[in-house]
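A.B. asks: This structure is in C-alpha cells; I'll ask about it shortly.
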Amino acid sequence: MISLKGLFGEKSAPTAGSLTSGFTSRTTAIVVVVLFATTILASAANLWLSPDSPLYVSTYTITLLGKYLCYALLALAVDIVWGYCGVLSLGHAAFFALGGYGMGMYLMRQIGDRGVYGNPELPDFMVFLNWESLPWYWLGMDQFWFAMLIALAVPGLLAFVFGWLAFRSRVTGVYLSIMTQALTYALMLAFFRNEMGFGGNNGLTDFKDILGFSLQSDNVRVALFAITALMLMLAYVLSHFIMCSRFGRVIVSIRDGEARARFMGYRTERFKVWLFVYSALLAAVAGALYVPQVGIINPGEFSPINSIEVVVWVALGGRGTLYGAIIGAILVNYAKTRFTAIMPDGWLFALGALFVLVTVFLPKGIAGFIEQRVEAMRGDSGSGGDGGSSHKQQNAEGASA
Amino acid sequence: MTVLDATREMFRRDQVWPFLVDESSAVDVSHNMILYVEGLSVSFDGFKALNDLNLYVKDGELRCLIGANGAGKTTLMDVITGKTQCDQGSVYFGQTINLLQRSEPEIAQLGIGRKFQKPTVFEAHTVFDNLELSLKADKGIWYTLRASLSSEDIDRIDDVLELIGLKEQRFMQAGALSHGQKQWLEIGMLLASDPRLLLIDEPVAGMTAQETERTAELLTSLAGDRTVIVVEHDMEFVRSIARTVTVLHQGTVLAEGTMDEVQNNRDVIEVYLGEEAGEEAGETA
Ligand SMILES: Nc1ncnc2c1ncn2[C@@H]1O[C@H](COP(=O)(O)OP(=O)(O)O)[C@@H](O)[C@H]1O
Ligand SMILES: [Mg+2]
C-alpha cells in the first residue's frame with residue numbers, strides 16, 4: 001500500500017535541494033514567460049480576431065483559463081505549506097472561500113437597486129428575510145479597497161489564530177490535518193445558515209458590475225483573466241524568493257527535522273505560523289479573483305472535499321516544486337472539465353484512480369518526472385556550457401545515485 | 001537622594017539602563033563554573049530516568065559522561081537543552097541563567113549546542129546550506145528572509161569545511177553523505193554555531209578507528225575556549241580524551257574523577273563487573 005508517512009513529510013524526497021541550484025531560477029523564468037505569453041496571446045486572440053477565425057479564443061475559454069489560474073494559485077498556496085514545510089493542510093479551501101466571500105460581498109453591493117426587489121441598500125436575500133438594514137459586517141463593503149482589505153484580512157487573521165494555537169501546542173501530522181478539515185467543515189455549516197447574513201445555501205450571486213464595469217463584457221472578462229495571470233506570476237516570483245532565502249531553507253529544515261531546527265535556535269512555530277498566513281493570503285487572493293469570473297460563491301466552496309482535491313493536484317504535479325503545483329492544478333482541472341462533460345458522476349472515481357496511479361508510478365509527481373528527464377538529457381550531453389550551477393546539480397545527483 | 005541625583009543616576013552615560021541589558025546573551029562564569037545541575041529528577045510514567053542528579057561543570061572543561069544503556073545520559077542532555085521537562089531540581093547556565101525557564105531555541109541561542117545520538121543533518125540541503133543555517137546569527141523570521149552571507153560567514157564555513165574534511169562535498173546533498181561524514185557534518189554544524197557549551201551524544205558510534213582518532217583530537221582541541229560534555233560508550237575513546245569522567249547509573253552520579261580513579265572506584269567495579277559477569281553468563285549460556 002501507499003505509505004501515509006510520506007504524506008506528512010516526515011521523511012521526504014530531497015526535492016528542495018535543487019532550490020539553491022540554478023534549476024529553480026530557470027523554471028521560475030520559464031513559468032513567468034509561459035504565463036505571460038499565454039495571457040497575451042489568448043487575450044489578443046479573443047479581443048482582436050473575428051469569431052470565424054480558426055485562432056479565435058472564445059470568452060468562455062478565457063473565463064475557463066482564468067478559473068484554472070485561480071486554482072493554480074490555490075495549489076501554489078497549498079504546496080508552500082505542504083511541499084516545503086510538511087504541514088498537510090486539508091482546509092485551504094476555507095481561506096479561498098473567505099477571500100471569495102469578501103469579493104462576493106463587494107459585488108453584491110455593486111448590484112444596487114437592480115436586484116429583483118429593487119432595494120438600493122439590501123441584497124435580495126436580506127429583503128427576502130425581511131431584514132431592515134445591513135448587518136454591521138456588511139458596512140463599507142461597497143468600497144472596493146475596503147472589501148479587498150477585508151477579503152485578505154479575515155483569512156489572514158484566521159490563519160494566524162489557527163496556526164498560533166496549533167503550532168504553538170506542537171500539533172503536527174494527521175492531527176493537524178484533521179483540525180484543518182474540521183475548520184473548513186465548521187465554516188461551511190456556519191455559512192449555510194441564513195442568519196449568518198451571507199445568503200445561506202444560495203450564497204452570493206447575480207453579480208452585475210465590478211468597479212462600475214459590466215461583468216458580462218468581453219473586455220472585463222479578459223481583464224480579469226489577465227489580472228489573475230499577473231497575480232499568479234507575482235505570487236510565483238515572490239514565493240520563489242521566499243523559498244530561496246534563508247527563511248525558505250529553515251522552512252525545509254522544519255519539514256525534515258523540526259526538533260533539530262529548534263535546537264539550532266529557530267523558533268519553528270513562528271516560522272510555521274507566518275508561512276501559514278502567507279499561504280492563506282495567497283489562497284484568499286485566488287478566491288477573490290475566482291468569484292467575479294465564475295459569478296457565484298456559496299458554502300459549497302468550504303466543503304472538505306474541495307481542500308482534499310487541491311492536495312491531489314499538488315501531489316500529481318509534484319509537491320515541493322512551485323511549478324509542479326501549477327502544472328498539477330491546470331492539468332487536473334482541464335481533465336475535470338473534459339471528464340465531467342462526458343461522465344459527470346464519475347469524476348471523483350477518476351480523480352482517485354489518477355491519484356493512486358501517480359503515487360505508485362510517479363511518486364514525485366509530474367515535476368519529479370520532468371526533473372528526471374532533464375537530468376537524463378544533461379547526462380547525455382555531458383557537462384556543457386551551463387556553468388557551475390548545473391555542475392553542482394550533477395555532482396549531487398551523481399553522488400546520490 | 002535628591003531628585004537631581006536620581007535624574008543624574010538615570011542618565012549616566014557610562015551605563016545602560018538595566019532593562020536594556022541583554023541578560024540573555026551574557027553567561028556569567030565568574031565562579032569558573034558554567035553548568036550547575038542540582039537535585040534533578042525526571043520520571044516517565046513513574047519510572048525515574050534521572051534521580052536527584054548533581055553535576056557541576058567547570059568553564060572550559062572537557063567532561064565525559066559514561067554509564068550503561070538507560071542510565072539517563074541522553075535524558076540529562078534533553079533536560080539541559082529544554083526538550084524534556086523535569087519534575088524537580090535546577091539547571092543553571094553560569095550563575096544567573098535558569099535553563100529550566102527557557103525553550104529549546106532560546107537555549108540554543110544562549111550558546112548551548114547539541115549533537116544527537118543519531119546523526120541528524122538536513123538531508124535535502126547541501127552540506128554548505130546545513131552549515132549556513134547553523135551559523136551563529138539572528139534566527140528571527142525577518143532577518144532570515146533577507147539574510148545574505150557576508151565574507152566572514154563564508155570564511156567561517158570554509159574553515160569548518162576544512163576542519164571536518166568535507167571541502168569536496170560542499171555542494172553535495174547531505175543525504176548523499178556516508179554515515180561517518182554525516183557525523184562529521186553534524187559536528188561541523190555545532191562548530192559553525194560557535195557555542196559556549198557543547199553537548200555531544202555518542203559521537204564516534206559507527207566511525208572507523210581513524211575517524212575516531214580525529215574526533216578525539218578535535219574534541220580535545222575545542223576544550224578550553226569552550227566547554228564540552230561528551231557521552232560515549234567507547235572506553236578507549238574516553239580514556240584518550242577525558243580528564244574528568246562522570247559515571248551515571250540509574251539516573252544518579254555513581255562516581256566522578258579521573259579515568260583511573262573511576263575505574264578503581266568500588267561502586268563502579270561492583271556495578272560494571274556485576275553487569276559484565278551477567279553478560280558473559282548470558283553469552284556463554
Ligand atoms: N520519552 C521517554 N518516555 C519514556 N521513557 C523514556 C523516555 N526517554 C527515555 N526514557 C527512558 O529513560 C531511561 C534513560 O534513557 P536515556 O537517557 O536515553 O539513557 P542513555 O542515553 O543513558 O542510554 C531509559 O530507560 C529510557 O527507556
Ligand atoms: Mg543515549
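Residue numbering restarts at 1 for every chain of the C-alpha cells, chains are lettered A, B, ... in their displayed order, and ligands are numbered from 1 as they appear.
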Give as a VMD selection string the residues surrounding ligand 1 up to a distance of 10 Å, considering only C-alpha atoms and all ligand atoms.
C.D. replies: chain B and resid 42 to 50 65 to 79 83 to 84 117 201 to 202 231 to 233 248 to 251
A.B. asks: Could those selected residues go to a file with N, CA, C and O atoms, as a compact mmCIF listing (two decimals), in the first residue's frame?
C.D. replies:
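Okay, selection-v6.txt is ready:
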# COMPACT_ATOMS: atom_id res chain seq x y z
N VAL B 42 13.76 13.30 36.87
CA VAL B 42 12.83 13.22 35.75
C VAL B 42 12.22 11.84 35.79
O VAL B 42 12.93 10.85 35.97
N SER B 43 10.91 11.77 35.68
CA SER B 43 10.33 10.43 35.60
C SER B 43 9.39 10.33 34.42
O SER B 43 8.72 11.29 34.04
N PHE B 44 9.40 9.16 33.80
CA PHE B 44 8.48 8.85 32.70
C PHE B 44 7.51 7.80 33.21
O PHE B 44 7.93 6.68 33.51
N ASP B 45 6.27 8.18 33.34
CA ASP B 45 5.23 7.25 33.82
C ASP B 45 5.70 6.51 35.07
O ASP B 45 5.61 5.28 35.14
N GLY B 46 6.23 7.24 36.01
CA GLY B 46 6.62 6.61 37.27
C GLY B 46 8.04 6.08 37.27
O GLY B 46 8.65 5.94 38.33
N PHE B 47 8.60 5.83 36.08
CA PHE B 47 9.98 5.33 36.02
C PHE B 47 10.95 6.49 36.13
O PHE B 47 10.87 7.45 35.35
N LYS B 48 11.85 6.40 37.09
CA LYS B 48 12.76 7.53 37.32
C LYS B 48 13.97 7.43 36.39
O LYS B 48 14.89 6.65 36.64
N ALA B 49 13.97 8.22 35.34
CA ALA B 49 15.11 8.20 34.42
C ALA B 49 16.28 8.98 35.01
O ALA B 49 17.43 8.61 34.82
N LEU B 50 15.97 10.05 35.75
CA LEU B 50 17.01 10.78 36.49
C LEU B 50 16.53 10.88 37.93
O LEU B 50 15.36 11.16 38.18
N LEU B 65 30.74 11.72 30.08
CA LEU B 65 29.70 11.05 30.84
C LEU B 65 29.68 9.61 30.35
O LEU B 65 29.57 9.37 29.14
N ILE B 66 29.82 8.68 31.27
CA ILE B 66 29.67 7.30 30.85
C ILE B 66 28.62 6.63 31.70
O ILE B 66 28.17 7.17 32.70
N GLY B 67 28.24 5.46 31.30
CA GLY B 67 27.19 4.76 32.01
C GLY B 67 26.50 3.81 31.06
O GLY B 67 26.52 4.00 29.86
N ALA B 68 25.90 2.79 31.64
CA ALA B 68 25.26 1.76 30.82
C ALA B 68 24.10 2.35 30.04
O ALA B 68 23.65 3.46 30.32
N ASN B 69 23.61 1.59 29.08
CA ASN B 69 22.41 1.99 28.35
C ASN B 69 21.27 2.20 29.32
O ASN B 69 21.06 1.40 30.22
N GLY B 70 20.56 3.31 29.14
CA GLY B 70 19.42 3.58 30.01
C GLY B 70 19.79 4.24 31.31
O GLY B 70 18.95 4.42 32.18
N ALA B 71 21.05 4.63 31.45
CA ALA B 71 21.48 5.27 32.70
C ALA B 71 20.93 6.69 32.82
O ALA B 71 20.95 7.26 33.90
N GLY B 72 20.49 7.25 31.71
CA GLY B 72 19.89 8.59 31.78
C GLY B 72 20.75 9.68 31.16
O GLY B 72 20.48 10.86 31.34
N LYS B 73 21.76 9.29 30.39
CA LYS B 73 22.67 10.28 29.82
C LYS B 73 21.95 11.17 28.81
O LYS B 73 22.06 12.40 28.86
N THR B 74 21.23 10.54 27.90
CA THR B 74 20.52 11.33 26.89
C THR B 74 19.43 12.17 27.55
O THR B 74 19.21 13.33 27.17
N THR B 75 18.77 11.61 28.54
CA THR B 75 17.72 12.36 29.23
C THR B 75 18.30 13.61 29.88
O THR B 75 17.69 14.69 29.84
N LEU B 76 19.48 13.49 30.45
CA LEU B 76 20.13 14.65 31.05
C LEU B 76 20.34 15.75 30.01
O LEU B 76 20.05 16.92 30.25
N MET B 77 20.80 15.35 28.83
CA MET B 77 21.00 16.33 27.76
C MET B 77 19.67 16.93 27.32
O MET B 77 19.59 18.11 27.01
N ASP B 78 18.65 16.10 27.32
CA ASP B 78 17.32 16.59 26.94
C ASP B 78 16.86 17.68 27.90
O ASP B 78 16.25 18.67 27.49
N VAL B 79 17.13 17.49 29.18
CA VAL B 79 16.69 18.50 30.15
C VAL B 79 17.50 19.78 29.99
O VAL B 79 16.96 20.88 29.98
N LYS B 83 14.41 20.14 26.03
CA LYS B 83 13.49 19.23 25.34
C LYS B 83 12.55 18.55 26.31
O LYS B 83 11.38 18.33 26.02
N THR B 84 13.09 18.17 27.47
CA THR B 84 12.29 17.44 28.45
C THR B 84 12.11 18.29 29.71
O THR B 84 13.05 18.95 30.15
N GLN B 117 22.46 11.66 19.33
CA GLN B 117 22.95 10.30 19.28
C GLN B 117 22.88 9.75 17.86
O GLN B 117 23.81 9.19 17.34
N ASP B 201 26.46 13.67 22.06
CA ASP B 201 25.95 12.35 22.42
C ASP B 201 26.52 11.30 21.48
O ASP B 201 26.22 11.31 20.29
N GLU B 202 27.34 10.42 22.01
CA GLU B 202 27.93 9.31 21.27
C GLU B 202 28.46 9.69 19.90
O GLU B 202 27.93 9.27 18.88
N VAL B 231 29.13 12.23 25.79
CA VAL B 231 28.63 10.93 26.23
C VAL B 231 29.26 9.89 25.32
O VAL B 231 29.23 10.05 24.10
N GLU B 232 29.87 8.87 25.87
CA GLU B 232 30.43 7.86 24.99
C GLU B 232 30.51 6.50 25.69
O GLU B 232 30.70 6.41 26.89
N HIS B 233 30.37 5.47 24.88
CA HIS B 233 30.47 4.10 25.39
C HIS B 233 31.87 3.56 25.20
O HIS B 233 32.31 2.69 25.94
N LEU B 248 27.34 7.70 35.34
CA LEU B 248 25.93 7.71 35.72
C LEU B 248 25.45 6.28 35.86
O LEU B 248 25.87 5.39 35.11
N HIS B 249 24.56 6.10 36.83
CA HIS B 249 23.96 4.78 36.98
C HIS B 249 22.56 4.97 37.50
O HIS B 249 22.35 5.60 38.54
N GLN B 250 21.61 4.47 36.80
CA GLN B 250 20.20 4.56 37.17
C GLN B 250 19.80 5.99 37.56
O GLN B 250 19.13 6.21 38.56
N GLY B 251 20.25 6.92 36.76
CA GLY B 251 19.80 8.30 36.94
C GLY B 251 20.51 9.10 38.00
O GLY B 251 20.11 10.22 38.27
A.B. asks: If we count only C-alpha atoms, which residues of chain B reach to within 7 Å of chain A? Please list them as a PyMOL selection string.
C.D. replies: chain B and resi 104-106+108-109+122-126+134+139+141+144-147+171-173+176
A.B. asks: For the atom pair CA of Asn51 (chain B) and CA of Ser103 (chain B), what is the interatomic distance in Å to one decimal place?
C.D. replies: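 Computing the Euclidean distance for CA of Asn51 (chain B) and CA of Ser103 (chain B) yields 22.5 Å.
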A.B. asks: Using only C-alpha atoms, which residues sit within 12 Å of Met189 (chain B) once same-chain residues fewer than 6 positions away are excluded, as number ranges by chain?
C.D. replies: A: 260-261, 263-264; B: 113-116, 119-122, 127-136, 156-157, 159-161, 163-164, 166, 174, 182-183, 195, 198
A.B. asks: Using only C-alpha atoms and all ligand atoms, which of B:Leu199, B:Leu218, B:Ile241, B:Leu53 sits nearest ligand 2?
C.D. replies: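 Closest to ligand 2, using only C-alpha atoms and all ligand atoms: B:Leu199.
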